[in-house]
file structure-v6.cif (mmCIF, C-alpha atoms)
data_target
loop_
_atom_site.label_atom_id
_atom_site.label_comp_id
_atom_site.auth_asym_id
_atom_site.auth_seq_id
_atom_site.Cartn_x
_atom_site.Cartn_y
_atom_site.Cartn_z
CA MET L 12 28.21 49.78 27.48
CA LYS L 13 28.88 47.67 30.52
CA HIS L 14 25.18 46.83 30.84
CA GLY L 15 25.00 45.50 27.26
CA LEU L 16 28.07 43.31 27.71
CA SER L 17 26.71 41.67 30.88
CA SER L 18 23.37 40.90 29.15
CA LEU L 19 25.17 39.19 26.26
CA LEU L 20 27.24 37.06 28.65
CA THR L 21 24.07 35.94 30.50
CA ILE L 22 22.43 34.83 27.23
CA LEU L 23 25.51 32.78 26.24
CA LEU L 24 25.62 30.97 29.60
CA VAL L 25 21.93 30.06 29.45
CA GLY L 26 22.32 28.69 25.93
CA ALA L 27 25.29 26.62 26.95
CA SER L 28 23.26 24.99 29.71
CA PHE L 29 20.73 23.71 27.11
CA THR L 30 23.40 22.25 24.82
CA LEU L 31 25.18 20.07 27.42
CA PRO L 32 25.36 16.40 26.31
CA THR L 33 22.68 14.16 27.84
CA THR L 34 25.28 11.57 28.82
CA ALA L 35 26.81 13.98 31.27
CA MET L 36 23.46 14.53 32.94
CA ALA L 37 22.41 10.84 33.07
CA GLY L 38 25.53 9.66 34.90
CA PRO L 39 26.92 6.05 34.72
CA LYS L 40 24.64 3.13 33.60
CA PRO L 41 23.62 0.63 36.37
CA SER L 42 25.11 -2.83 35.88
CA PRO L 43 22.57 -5.63 35.24
CA VAL L 44 21.49 -7.74 38.29
CA GLN L 45 22.86 -11.26 38.13
CA HIS L 46 21.76 -14.31 40.19
CA THR L 47 24.49 -15.51 42.51
CA LYS L 48 24.75 -19.28 42.91
CA GLN L 49 24.12 -20.18 46.53
CA GLU L 50 26.10 -22.70 48.56
CA ASN L 51 25.01 -26.34 48.09
CA GLU L 52 22.82 -25.36 45.12
CA VAL L 53 22.49 -26.90 41.69
CA ILE L 54 21.05 -24.87 38.80
CA LEU L 55 19.40 -26.92 36.06
CA LYS L 56 19.30 -25.78 32.46
CA GLU L 57 15.89 -25.33 30.92
CA ASN L 58 14.61 -28.49 29.18
CA SER L 59 17.84 -30.36 29.90
CA ALA L 60 18.07 -34.15 30.03
CA GLN L 61 19.04 -33.87 33.69
CA GLU L 62 15.82 -32.02 34.50
CA ALA L 63 13.77 -34.61 32.63
CA ASN L 64 15.22 -37.43 34.75
CA LEU L 65 14.22 -35.83 38.03
CA LYS L 66 10.98 -36.31 39.89
CA ILE L 67 9.97 -33.49 42.20
CA GLU L 68 6.99 -33.87 44.54
CA THR L 69 5.28 -31.66 47.10
CA VAL L 70 5.90 -32.62 50.71
CA ALA L 71 2.76 -34.05 52.33
CA GLU L 72 1.61 -34.31 55.92
CA VAL L 73 0.21 -37.60 57.21
CA VAL L 74 -1.04 -38.87 60.55
CA ALA L 75 1.91 -39.87 62.73
CA SER L 76 2.58 -43.56 63.36
CA THR L 77 3.05 -45.03 66.83
CA THR L 78 5.38 -47.86 65.77
CA GLU L 79 7.47 -48.90 62.82
CA PRO L 80 5.56 -50.76 60.06
CA MET L 81 4.88 -54.38 61.03
CA ASN L 82 4.58 -57.43 58.81
CA GLY L 83 1.04 -58.75 58.49
CA LYS L 84 -1.15 -60.93 56.30
CA ILE L 85 -4.54 -60.40 54.72
CA SER L 86 -7.00 -63.16 55.63
CA PHE L 87 -10.68 -64.05 55.40
CA ASP L 88 -13.12 -62.28 57.69
CA GLU L 89 -14.48 -65.35 59.47
CA ASN L 90 -17.72 -63.52 60.24
CA PHE L 91 -18.41 -63.50 56.49
CA THR L 92 -16.88 -66.87 55.57
CA SER L 93 -18.31 -70.39 55.44
CA ARG L 94 -16.31 -73.61 55.05
CA ILE L 95 -18.67 -76.27 53.76
CA SER L 96 -18.26 -80.03 54.21
CA SER L 97 -20.64 -82.86 53.38
CA PRO L 98 -22.84 -84.04 56.29
CA VAL L 99 -23.22 -87.46 54.60
CA LEU L 100 -20.94 -90.14 53.22
CA GLY L 101 -21.20 -90.57 49.46
CA ARG L 102 -19.80 -89.91 46.01
CA ALA L 103 -19.92 -86.67 43.99
CA ILE L 104 -22.07 -87.10 40.88
CA LYS L 105 -22.69 -83.47 39.80
CA ILE L 106 -20.95 -80.16 40.54
CA HIS L 107 -23.15 -77.08 40.23
CA ALA L 108 -20.68 -74.27 41.12
CA GLN L 109 -17.16 -73.41 40.01
CA LEU L 110 -14.26 -71.54 41.59
CA GLY L 111 -14.87 -67.78 41.41
CA ASP L 112 -18.66 -68.07 41.05
CA ARG L 113 -20.92 -65.83 43.11
CA VAL L 114 -23.69 -67.82 44.79
CA LYS L 115 -26.87 -67.01 46.70
CA VAL L 116 -28.25 -68.54 49.87
CA GLY L 117 -29.63 -72.02 49.15
CA GLN L 118 -28.04 -72.31 45.71
CA PRO L 119 -26.98 -75.92 44.88
CA LEU L 120 -23.25 -76.59 45.01
CA LEU L 121 -22.88 -80.36 44.73
CA THR L 122 -25.06 -83.45 44.23
CA ILE L 123 -23.98 -86.58 46.13
CA ASP L 124 -25.10 -90.16 45.69
CA SER L 125 -25.27 -91.14 49.35
CA PRO L 126 -26.24 -94.37 51.11
CA ASP L 127 -26.51 -92.30 54.29
CA MET L 128 -29.19 -90.24 52.59
CA GLY L 129 -31.05 -93.41 51.59
CA SER L 130 -30.87 -94.73 55.15
CA ALA L 131 -32.16 -91.45 56.57
CA VAL L 132 -35.10 -91.44 54.15
CA ALA L 133 -35.87 -95.11 54.84
CA ASP L 134 -35.74 -94.57 58.60
CA TYR L 135 -38.16 -91.68 58.34
CA ARG L 136 -40.62 -93.62 56.21
CA LYS L 137 -40.44 -96.62 58.53
CA ALA L 138 -40.96 -94.42 61.61
CA SER L 139 -43.88 -92.64 59.97
CA ALA L 140 -45.58 -95.97 59.11
CA ASP L 141 -45.00 -97.33 62.62
CA LEU L 142 -46.42 -94.13 64.10
CA ASP L 143 -49.63 -94.50 62.04
CA LEU L 144 -49.95 -98.11 63.19
CA LYS L 145 -49.48 -97.25 66.87
CA ARG L 146 -51.95 -94.38 66.59
CA LYS L 147 -54.64 -96.71 65.27
CA ALA L 148 -53.83 -99.26 68.01
CA LEU L 149 -54.23 -96.55 70.63
CA GLU L 150 -57.60 -95.52 69.22
CA ARG L 151 -58.84 -99.16 69.33
CA SER L 152 -57.62 -99.54 72.89
CA LYS L 153 -59.58 -96.48 73.96
CA VAL L 154 -62.78 -97.91 72.42
CA LEU L 155 -62.25 -101.32 74.04
CA VAL L 156 -61.49 -99.83 77.45
CA ASP L 157 -64.57 -97.63 77.25
CA GLY L 158 -66.65 -100.74 76.41
CA GLY L 159 -65.12 -102.72 79.30
CA VAL L 160 -63.69 -105.35 76.97
CA VAL L 161 -60.02 -104.99 78.00
CA ALA L 162 -58.26 -103.87 81.14
CA HIS L 163 -57.00 -100.31 81.56
CA LYS L 164 -53.41 -101.52 81.43
CA GLU L 165 -53.86 -102.35 77.74
CA LEU L 166 -54.60 -98.67 77.11
CA GLU L 167 -51.51 -97.64 79.06
CA SER L 168 -49.37 -100.06 77.02
CA ALA L 169 -50.79 -98.64 73.77
CA GLN L 170 -50.07 -95.12 74.95
CA ALA L 171 -46.44 -96.07 75.74
CA ASP L 172 -46.01 -97.65 72.31
CA MET L 173 -47.49 -94.54 70.73
CA ALA L 174 -45.03 -92.28 72.61
CA GLN L 175 -42.05 -94.38 71.51
CA SER L 176 -43.13 -94.35 67.88
CA GLN L 177 -43.71 -90.60 68.01
CA ALA L 178 -40.21 -90.03 69.43
CA GLU L 179 -38.64 -92.16 66.70
CA ALA L 180 -40.59 -90.28 64.02
CA GLU L 181 -39.40 -86.96 65.42
CA ARG L 182 -35.80 -88.21 65.48
CA THR L 183 -35.83 -89.26 61.83
CA LYS L 184 -37.61 -86.06 60.84
CA SER L 185 -34.93 -83.99 62.62
CA ARG L 186 -32.23 -85.97 60.84
CA LEU L 187 -33.70 -84.99 57.47
CA HIS L 188 -34.05 -81.39 58.64
CA ASN L 189 -30.35 -81.32 59.62
CA LEU L 190 -29.50 -82.47 56.13
CA GLY L 191 -31.53 -79.60 54.73
CA ILE L 192 -34.27 -81.81 53.34
CA ASN L 193 -37.97 -81.07 53.58
CA HIS L 194 -39.61 -84.30 54.79
CA ALA L 195 -42.75 -83.48 52.80
CA THR L 196 -41.06 -82.96 49.42
CA PHE L 197 -38.03 -85.27 49.20
CA GLY L 198 -37.89 -87.46 46.13
CA ASN L 199 -34.89 -89.64 45.22
CA GLU L 200 -32.12 -90.61 47.59
CA SER L 201 -29.41 -88.29 46.24
CA PHE L 202 -28.27 -85.43 48.48
CA THR L 203 -27.77 -81.84 47.27
CA LEU L 204 -25.23 -79.71 49.16
CA LYS L 205 -26.41 -76.05 49.21
CA ALA L 206 -24.78 -72.71 49.95
CA PRO L 207 -25.52 -71.55 53.52
CA MET L 208 -24.64 -67.92 52.70
CA ALA L 209 -24.25 -65.56 49.77
CA GLY L 210 -20.76 -64.80 48.54
CA MET L 211 -17.97 -65.93 46.23
CA ILE L 212 -16.52 -69.43 46.01
CA VAL L 213 -12.80 -68.98 46.70
CA ASP L 214 -11.86 -72.65 47.15
CA ARG L 215 -13.16 -76.00 45.86
CA GLN L 216 -11.72 -79.36 46.87
CA VAL L 217 -13.99 -81.84 45.06
CA ASN L 218 -14.21 -83.33 41.57
CA LEU L 219 -16.68 -85.68 39.91
CA GLY L 220 -16.46 -89.19 41.31
CA ASN L 221 -14.65 -88.16 44.49
CA GLU L 222 -15.71 -89.76 47.74
CA VAL L 223 -16.92 -87.22 50.27
CA ARG L 224 -16.97 -87.76 54.02
CA PRO L 225 -18.31 -85.79 56.99
CA ASP L 226 -14.95 -86.19 58.76
CA ALA L 227 -12.78 -84.97 55.84
CA ALA L 228 -9.81 -82.79 56.82
CA SER L 229 -10.52 -80.09 54.18
CA PRO L 230 -13.86 -78.45 53.36
CA LEU L 231 -15.36 -79.11 49.94
CA PHE L 232 -16.12 -75.42 49.33
CA VAL L 233 -15.12 -72.12 50.93
CA ILE L 234 -17.52 -69.21 50.42
CA THR L 235 -16.69 -65.70 51.57
CA ASN L 236 -17.70 -62.09 51.04
CA PRO L 237 -14.58 -60.55 49.40
CA ASP L 238 -15.56 -57.06 50.57
CA HIS L 239 -14.88 -58.05 54.19
CA LEU L 240 -11.29 -58.97 55.06
CA TRP L 241 -9.00 -59.06 58.10
CA ALA L 242 -5.36 -58.09 58.49
CA MET L 243 -3.54 -60.25 61.04
CA ILE L 244 -0.33 -58.96 62.63
CA ASP L 245 1.97 -60.33 65.31
CA LEU L 246 2.60 -57.42 67.66
CA PRO L 247 5.96 -57.42 69.53
CA GLU L 248 5.70 -57.33 73.30
CA ARG L 249 7.59 -54.02 73.48
CA ASP L 250 4.91 -52.29 71.32
CA LEU L 251 1.88 -53.64 73.19
CA SER L 252 1.22 -50.30 74.90
CA LYS L 253 1.24 -48.45 71.55
CA VAL L 254 -1.74 -50.30 70.03
CA SER L 255 -5.33 -50.31 71.29
CA VAL L 256 -8.75 -51.50 70.10
CA GLY L 257 -10.33 -49.01 67.68
CA GLN L 258 -7.02 -47.53 66.57
CA THR L 259 -6.73 -46.69 62.86
CA LEU L 260 -4.09 -48.33 60.67
CA SER L 261 -2.28 -47.70 57.41
CA ILE L 262 -1.95 -50.85 55.30
CA LYS L 263 0.23 -51.26 52.19
CA VAL L 264 0.75 -54.31 49.95
CA ASP L 265 3.27 -55.08 47.20
CA ALA L 266 0.53 -55.42 44.56
CA TYR L 267 -0.38 -51.71 44.95
CA PRO L 268 2.82 -49.98 46.17
CA ASP L 269 1.48 -46.45 45.62
CA GLU L 270 -1.88 -47.03 47.31
CA GLU L 271 -2.73 -46.96 51.00
CA PHE L 272 -5.58 -48.91 52.60
CA GLN L 273 -7.27 -47.99 55.85
CA GLY L 274 -7.95 -50.40 58.69
CA LYS L 275 -9.00 -50.52 62.32
CA VAL L 276 -7.91 -52.70 65.25
CA GLN L 277 -10.74 -55.09 66.17
CA SER L 278 -9.15 -57.24 68.89
CA ILE L 279 -5.84 -57.84 70.66
CA GLY L 280 -4.88 -61.31 71.85
CA THR L 281 -4.87 -62.02 75.56
CA MET L 282 -1.79 -64.25 75.55
CA LEU L 283 1.76 -63.86 74.26
CA ASP L 284 3.41 -66.55 72.19
CA PRO L 285 6.05 -67.93 74.60
CA VAL L 286 8.57 -68.45 71.77
CA SER L 287 8.22 -65.33 69.61
CA ARG L 288 7.10 -63.03 72.47
CA ARG L 289 4.38 -61.60 70.25
CA VAL L 290 0.61 -61.24 70.52
CA GLN L 291 -1.79 -61.59 67.60
CA VAL L 292 -3.81 -58.53 66.60
CA ARG L 293 -6.86 -58.76 64.34
CA CYS L 294 -7.79 -55.74 62.21
CA SER L 295 -10.58 -54.96 59.76
CA VAL L 296 -9.56 -53.66 56.30
CA GLU L 297 -11.20 -51.48 53.68
CA SER L 298 -10.12 -53.57 50.69
CA LYS L 299 -11.63 -51.35 47.93
CA GLY L 300 -12.17 -54.60 46.03
CA LYS L 301 -8.42 -54.98 45.45
CA LEU L 302 -6.97 -56.95 48.37
CA ARG L 303 -6.90 -60.75 48.38
CA PRO L 304 -6.57 -63.26 51.25
CA GLU L 305 -3.02 -64.49 51.91
CA MET L 306 -1.45 -61.24 50.62
CA TYR L 307 1.48 -60.06 52.73
CA ALA L 308 1.05 -56.53 54.08
CA ARG L 309 2.91 -53.84 56.00
CA VAL L 310 0.69 -52.48 58.75
CA THR L 311 1.39 -49.20 60.55
CA PRO L 312 -0.65 -48.17 63.63
CA LEU L 313 -1.48 -44.45 63.52
CA SER L 314 -1.62 -41.91 66.33
CA MET L 315 -4.92 -41.85 68.22
CA SER L 316 -4.61 -38.05 68.55
CA GLN L 317 -4.34 -37.71 64.73
CA GLN L 318 -1.05 -35.81 65.09
CA LYS L 319 0.35 -34.86 61.66
CA VAL L 320 3.97 -35.37 60.53
CA ILE L 321 5.83 -34.83 57.25
CA ARG L 322 6.54 -38.00 55.27
CA ILE L 323 8.83 -38.46 52.27
CA PRO L 324 9.97 -41.55 50.34
CA ASN L 325 13.38 -42.98 51.22
CA SER L 326 14.50 -42.34 47.64
CA ALA L 327 14.55 -38.61 48.48
CA LEU L 328 17.12 -39.07 51.27
CA ILE L 329 20.91 -38.74 50.95
CA THR L 330 22.88 -40.09 53.92
CA GLU L 331 26.35 -38.73 54.58
CA GLY L 332 27.94 -39.95 57.77
CA LEU L 333 25.55 -39.39 60.66
CA TYR L 334 23.35 -36.89 58.82
CA SER L 335 20.56 -37.03 56.26
CA TYR L 336 19.91 -34.54 53.46
CA VAL L 337 17.26 -33.80 50.83
CA PHE L 338 17.23 -31.60 47.75
CA VAL L 339 14.58 -28.86 47.86
CA GLU L 340 13.39 -26.89 44.84
CA THR L 341 13.70 -23.24 45.93
CA SER L 342 12.55 -21.93 42.54
CA HIS L 343 12.18 -23.33 39.05
CA GLY L 344 15.50 -24.92 38.05
CA HIS L 345 17.20 -24.16 41.38
CA ILE L 346 17.76 -27.17 43.67
CA GLN L 347 19.31 -26.71 47.10
CA LYS L 348 20.72 -29.37 49.41
CA ARG L 349 19.27 -29.22 52.92
CA ARG L 350 19.97 -31.18 56.09
CA VAL L 351 16.96 -32.81 57.80
CA THR L 352 16.35 -34.68 61.06
CA LEU L 353 14.53 -38.00 60.81
CA ASP L 354 11.84 -39.16 63.20
CA LEU L 355 11.09 -42.71 61.99
CA GLN L 356 12.37 -44.52 58.92
CA GLY L 357 10.63 -47.58 57.53
CA ARG L 358 11.11 -49.76 54.49
CA ASP L 359 9.71 -47.26 51.97
CA TYR L 360 9.09 -43.97 53.78
CA ALA L 361 10.62 -41.78 56.48
CA THR L 362 9.01 -39.13 58.67
CA ILE L 363 10.83 -35.83 59.14
CA LYS L 364 11.21 -34.27 62.56
CA ASP L 365 12.93 -31.05 61.46
CA GLY L 366 14.16 -29.41 58.24
CA LEU L 367 11.10 -29.48 55.99
CA LYS L 368 7.70 -27.82 55.88
CA ALA L 369 4.45 -28.94 54.30
CA GLY L 370 4.08 -27.64 50.77
CA GLU L 371 7.80 -27.56 49.89
CA ARG L 372 8.91 -29.46 46.80
CA VAL L 373 11.53 -32.19 47.18
CA VAL L 374 13.45 -34.30 44.66
CA THR L 375 12.15 -37.86 45.16
CA LYS L 376 13.86 -39.44 42.14
CA GLY L 377 17.38 -38.64 40.99
CA ALA L 378 18.66 -37.23 44.30
CA ILE L 379 21.83 -39.34 44.06
CA LEU L 380 22.68 -37.89 40.62
CA ILE L 381 22.15 -34.32 41.83
CA ASN L 382 24.35 -35.02 44.85
CA SER L 383 27.12 -36.40 42.62
CA GLU L 384 27.02 -33.29 40.41
CA LEU L 385 27.13 -31.03 43.44
CA ALA L 386 30.16 -32.87 44.83
CA ALA L 387 31.95 -32.69 41.46
CA GLY L 388 31.47 -28.93 41.25
CA LYS L 389 33.16 -28.21 44.58
#
call {"tool": "encode", "arguments": {"input": "structure-v6.cif", "output": "structure tokens"}}
result
Amino acid sequence: MKHGLSSLLTILLVGASFTLPTTAMAGPKPSPVQHTKQENEVILKENSAQEANLKIETVAEVVASTTEPMNGKISFDENFTSRISSPVLGRAIKIHAQLGDRVKVGQPLLTIDSPDMGSAVADYRKASADLDLKRKALERSKVLVDGGVVAHKELESAQADMAQSQAEAERTKSRLHNLGINHATFGNESFTLKAPMAGMIVDRQVNLGNEVRPDAASPLFVITNPDHLWAMIDLPERDLSKVSVGQTLSIKVDAYPDEEFQGKVQSIGTMLDPVSRRVQVRCSVESKGKLRPEMYARVTPLSMSQQKVIRIPNSALITEGLYSYVFVETSHGHIQKRRVTLDLQGRDYATIKDGLKAGERVVTKGAILINSELAAGK
């Protein structure tokens, strides 16, 4: 009897264990994980107007500069530039080339009605005729001396006259050659000014009917190769040790604010200006067909060791007291304010000494608005 009762009790206990509610076995539900807003952080709503007004860019490394950007000017490369004046006095009667034209070597630029040209041609013809006459006289003198008709001194006199006539003929021939005229093919007395080099006409200071002179203050035409330009900078005396021949440069101009042009130092002046205490530095420029002479430029000498630094635009910086800050995107929609240490700060860009790493994303437009919202939320 006792054995049967104990068996029944065991069965009831086992059954009860299978009918216990599942909630009792599962225990309490875990609470959902929520993102905690960090200090100095702004969280942007998805597709908000605020997010649309921001510009976020990846931090880039560039070669370190040795000085602050210096003011410079783009100019002609004089090794590829020709300033052309008229070698004769006269009047312009026909213009063959216009401003902006590309010309080849020997291409006509200007036709001039020139009395100087007429005089040069007349002198050559006169000298040539006199030379023929003296040559014939010399030949007759040789025959007469050989026949014993005249004294030997007559031959010597004829030889002297021949030498003088030959010298005068050579002089007039050289004059025509200097004017670029072939003595064997010249026709009328007008003079044609020709291009001495290939390139583009970037300046013209003559019109039809103008008088042209060899001693004019301004050239009639300026021809240059626009692919070869110089950047001229006035280097302060204190930075003289930071620039050397062959050093690479970063060049920026207002016409292309988002583009950087490369250059190289070609020469450094040997004398300081006694008033400005600066020395002129001449640099070659890779113009990419975009730069123009007389453009103002900002020229930055770069480190010879090619040391890399982090550079950001000044629009990304927030200055509060003695410190500078940027807003870094830690994840999508989460912007955190971070303090940075500046190395150099120029007109448009600043280099960062500490606080940022290459590849991080920084707010470069709208940082002031984000900073105002952060301050309002505190």
call {"tool": "residues_near_point", "arguments": {"input": "structure-v6.cif", "point": "(18.4, -27.7, 49.4)", "cutoff": "8 Å", "atoms": "only C-alpha atoms", "output": "list in words"}}
result
Asn51, Glu52, Val337, Phe338, Val339, Glu340, Thr341, Ile346, Gln347, Lys348, Arg349 and Arg350 of chain L
call {"tool": "closest_atom_pairs", "arguments": {"input": "structure-v6.cif", "of": "stretch 224-265 of chain L", "to": "stretch 95-107 of chain L", "cutoff": "9 Å", "atoms": "all atoms listed in the file", "output": "CSV"}}
result
residue,atom,partner,partner_atom,distance
L:Arg224,CA,L:Leu100,CA,4.7
L:Pro225,CA,L:Pro98,CA,4.9
L:Asp226,CA,L:Ser96,CA,8.3
L:Ala227,CA,L:Ser96,CA,7.6
L:Ser229,CA,L:Ser96,CA,7.7
L:Pro230,CA,L:Ser96,CA,4.8
L:Leu231,CA,L:Ser96,CA,5.2
L:Phe232,CA,L:Ile95,CA,5.2
L:Val233,CA,L:Ile95,CA,6.2
L:Ile234,CA,L:Ile95,CA,7.9
call {"tool": "atom_distance", "arguments": {"input": "structure-v6.cif", "atom1": "atom CA of L:Leu121", "atom2": "atom CA of L:Val223"}}
result
10.6 Å
call {"tool": "resolve_selection", "arguments": {"input": "structure-v6.cif", "expression": "the PyMOL selection byres ((chain L and resi 328-334) around 9)", "output": "list in words"}}
result
Ile323, Pro324, Asn325, Ser326, Ala327, Ser335, Tyr336, Val337, Phe338, Arg350, Val351, Thr352, Ala361, Val374, Thr375, Ala378, Ile379 and Asn382 of chain L
call {"tool": "write_last_selection", "arguments": {"input": "structure-v6.cif", "atoms": "C-alpha atoms", "output": "PDB file, in the frame of the given file"}}
result
ATOM      1  CA  ILE L 323       8.830 -38.460  52.270  1.00  0.00           C
ATOM      2  CA  PRO L 324       9.970 -41.550  50.340  1.00  0.00           C
ATOM      3  CA  ASN L 325      13.380 -42.980  51.220  1.00  0.00           C
ATOM      4  CA  SER L 326      14.500 -42.340  47.640  1.00  0.00           C
ATOM      5  CA  ALA L 327      14.550 -38.610  48.480  1.00  0.00           C
ATOM      6  CA  SER L 335      20.560 -37.030  56.260  1.00  0.00           C
ATOM      7  CA  TYR L 336      19.910 -34.540  53.460  1.00  0.00           C
ATOM      8  CA  VAL L 337      17.260 -33.800  50.830  1.00  0.00           C
ATOM      9  CA  PHE L 338      17.230 -31.600  47.750  1.00  0.00           C
ATOM     10  CA  ARG L 350      19.970 -31.180  56.090  1.00  0.00           C
ATOM     11  CA  VAL L 351      16.960 -32.810  57.800  1.00  0.00           C
ATOM     12  CA  THR L 352      16.350 -34.680  61.060  1.00  0.00           C
ATOM     13  CA  ALA L 361      10.620 -41.780  56.480  1.00  0.00           C
ATOM     14  CA  VAL L 374      13.450 -34.300  44.660  1.00  0.00           C
ATOM     15  CA  THR L 375      12.150 -37.860  45.160  1.00  0.00           C
ATOM     16  CA  ALA L 378      18.660 -37.230  44.300  1.00  0.00           C
ATOM     17  CA  ILE L 379      21.830 -39.340  44.060  1.00  0.00           C
ATOM     18  CA  ASN L 382      24.350 -35.020  44.850  1.00  0.00           C
TER      19      ASN L 382
END
call {"tool": "residues_around", "arguments": {"input": "structure-v6.cif", "residues": "L:Gln318", "least_positions_apart": "6", "cutoff": "10 Å", "atoms": "all atoms listed in the file", "output": "list in words"}}
result
Glu72, Val73, Val74, Ala75 and Ser76 of chain L
call {"tool": "atom_distance", "arguments": {"input": "structure-v6.cif", "atom1": "atom CA of L:Glu181", "atom2": "atom CA of L:Val132"}}
result
12.9 Å
call {"tool": "residues_around", "arguments": {"input": "structure-v6.cif", "residues": "stretch 270-279 of chain L", "least_positions_apart": "4", "cutoff": "6 Å", "atoms": "all atoms listed in the file", "output": "PyMOL selection string"}}
result
chain L and resi 256-263+292-297
call {"tool": "write_last_selection", "arguments": {"input": "structure-v6.cif", "atoms": "C-alpha atoms", "output": "short mmCIF file (atom, residue, chain, number, x, y, z; two decimals), keeping the file's coordinate frame"}}
result
data_model
loop_
_atom_site.label_atom_id
_atom_site.label_comp_id
_atom_site.auth_asym_id
_atom_site.auth_seq_id
_atom_site.Cartn_x
_atom_site.Cartn_y
_atom_site.Cartn_z
CA VAL L 256 -8.75 -51.50 70.10
CA GLY L 257 -10.33 -49.01 67.68
CA GLN L 258 -7.02 -47.53 66.57
CA THR L 259 -6.73 -46.69 62.86
CA LEU L 260 -4.09 -48.33 60.67
CA SER L 261 -2.28 -47.70 57.41
CA ILE L 262 -1.95 -50.85 55.30
CA LYS L 263 0.23 -51.26 52.19
CA VAL L 292 -3.81 -58.53 66.60
CA ARG L 293 -6.86 -58.76 64.34
CA CYS L 294 -7.79 -55.74 62.21
CA SER L 295 -10.58 -54.96 59.76
CA VAL L 296 -9.56 -53.66 56.30
CA GLU L 297 -11.20 -51.48 53.68
#
call {"tool": "residues_around", "arguments": {"input": "structure-v6.cif", "residues": "L:Ala169", "least_positions_apart": "5", "cutoff": "7 Å", "atoms": "only C-alpha atoms", "output": "ChimeraX atom specification"}}
result
/L:148-149,152
call {"tool": "write_last_selection", "arguments": {"input": "structure-v6.cif", "atoms": "C-alpha atoms", "output": "short mmCIF file (atom, residue, chain, number, x, y, z; two decimals), in the frame of the given file"}}
result
data_model
loop_
_atom_site.label_atom_id
_atom_site.label_comp_id
_atom_site.auth_asym_id
_atom_site.auth_seq_id
_atom_site.Cartn_x
_atom_site.Cartn_y
_atom_site.Cartn_z
CA ALA L 148 -53.83 -99.26 68.01
CA LEU L 149 -54.23 -96.55 70.63
CA SER L 152 -57.62 -99.54 72.89
#
call {"tool": "residues_around", "arguments": {"input": "structure-v6.cif", "residues": "L:Glu179", "least_positions_apart": "2", "cutoff": "12 Å", "atoms": "all atoms listed in the file", "output": "ChimeraX atom specification"}}
result
/L:134-142,145,172-177,181-186
call {"tool": "resolve_selection", "arguments": {"input": "structure-v6.cif", "expression": "the PyMOL selection byres ((chain L and resi 309) around 7)", "output": "number ranges by chain"}}
result
L: 80-83, 262-264, 308, 310-311
call {"tool": "write_last_selection", "arguments": {"input": "structure-v6.cif", "atoms": "C-alpha atoms", "output": "PDB file, keeping the file's coordinate frame"}}
result
ATOM      1  CA  PRO L  80       5.560 -50.760  60.060  1.00  0.00           C
ATOM      2  CA  MET L  81       4.880 -54.380  61.030  1.00  0.00           C
ATOM      3  CA  ASN L  82       4.580 -57.430  58.810  1.00  0.00           C
ATOM      4  CA  GLY L  83       1.040 -58.750  58.490  1.00  0.00           C
ATOM      5  CA  ILE L 262      -1.950 -50.850  55.300  1.00  0.00           C
ATOM      6  CA  LYS L 263       0.230 -51.260  52.190  1.00  0.00           C
ATOM      7  CA  VAL L 264       0.750 -54.310  49.950  1.00  0.00           C
ATOM      8  CA  ALA L 308       1.050 -56.530  54.080  1.00  0.00           C
ATOM      9  CA  VAL L 310       0.690 -52.480  58.750  1.00  0.00           C
ATOM     10  CA  THR L 311       1.390 -49.200  60.550  1.00  0.00           C
TER      11      THR L 311
END
call {"tool": "closest_residue", "arguments": {"input": "structure-v6.cif", "among": "L:Glu57, L:Ala180, L:Leu355, L:Glu150", "to": "L:Leu166", "atoms": "only C-alpha atoms"}}
result
L:Glu150
call {"tool": "resolve_selection", "arguments": {"input": "structure-v6.cif", "expression": "the PyMOL selection byres ((chain L and resi 248) around 10)", "output": "mmCIF file with C-alpha atoms, in the coordinates of the input"}}
result
data_model
loop_
_atom_site.group_PDB
_atom_site.id
_atom_site.type_symbol
_atom_site.label_atom_id
_atom_site.label_comp_id
_atom_site.auth_asym_id
_atom_site.auth_seq_id
_atom_site.Cartn_x
_atom_site.Cartn_y
_atom_site.Cartn_z
ATOM 1 C CA ASP L 245 1.970 -60.330 65.310
ATOM 2 C CA LEU L 246 2.600 -57.420 67.660
ATOM 3 C CA PRO L 247 5.960 -57.420 69.530
ATOM 4 C CA ARG L 249 7.590 -54.020 73.480
ATOM 5 C CA ASP L 250 4.910 -52.290 71.320
ATOM 6 C CA LEU L 251 1.880 -53.640 73.190
ATOM 7 C CA SER L 252 1.220 -50.300 74.900
ATOM 8 C CA LEU L 283 1.760 -63.860 74.260
ATOM 9 C CA ASP L 284 3.410 -66.550 72.190
ATOM 10 C CA SER L 287 8.220 -65.330 69.610
ATOM 11 C CA ARG L 288 7.100 -63.030 72.470
ATOM 12 C CA ARG L 289 4.380 -61.600 70.250
ATOM 13 C CA VAL L 290 0.610 -61.240 70.520
#
call {"tool": "atom_distance", "arguments": {"input": "structure-v6.cif", "atom1": "atom CA of L:Ala369", "atom2": "atom CA of L:Lys66"}}
result
17.5 Å
call {"tool": "closest_residue", "arguments": {"input": "structure-v6.cif", "among": "L:Ser93, L:Ser255, L:Asn236, L:Asn64", "to": "L:Leu380", "atoms": "all atoms listed in the file"}}
result
L:Asn64
call {"tool": "closest_residue", "arguments": {"input": "structure-v6.cif", "among": "L:Glu50, L:Glu68, L:Asp112, L:Asp354", "to": "L:Glu371", "atoms": "only C-alpha atoms"}}
result
L:Glu68
call {"tool": "closest_residue", "arguments": {"input": "structure-v6.cif", "among": "L:Arg372, L:Lys115, L:Lys253, L:Lys301", "to": "L:Thr78", "atoms": "all atoms listed in the file"}}
result
L:Lys253
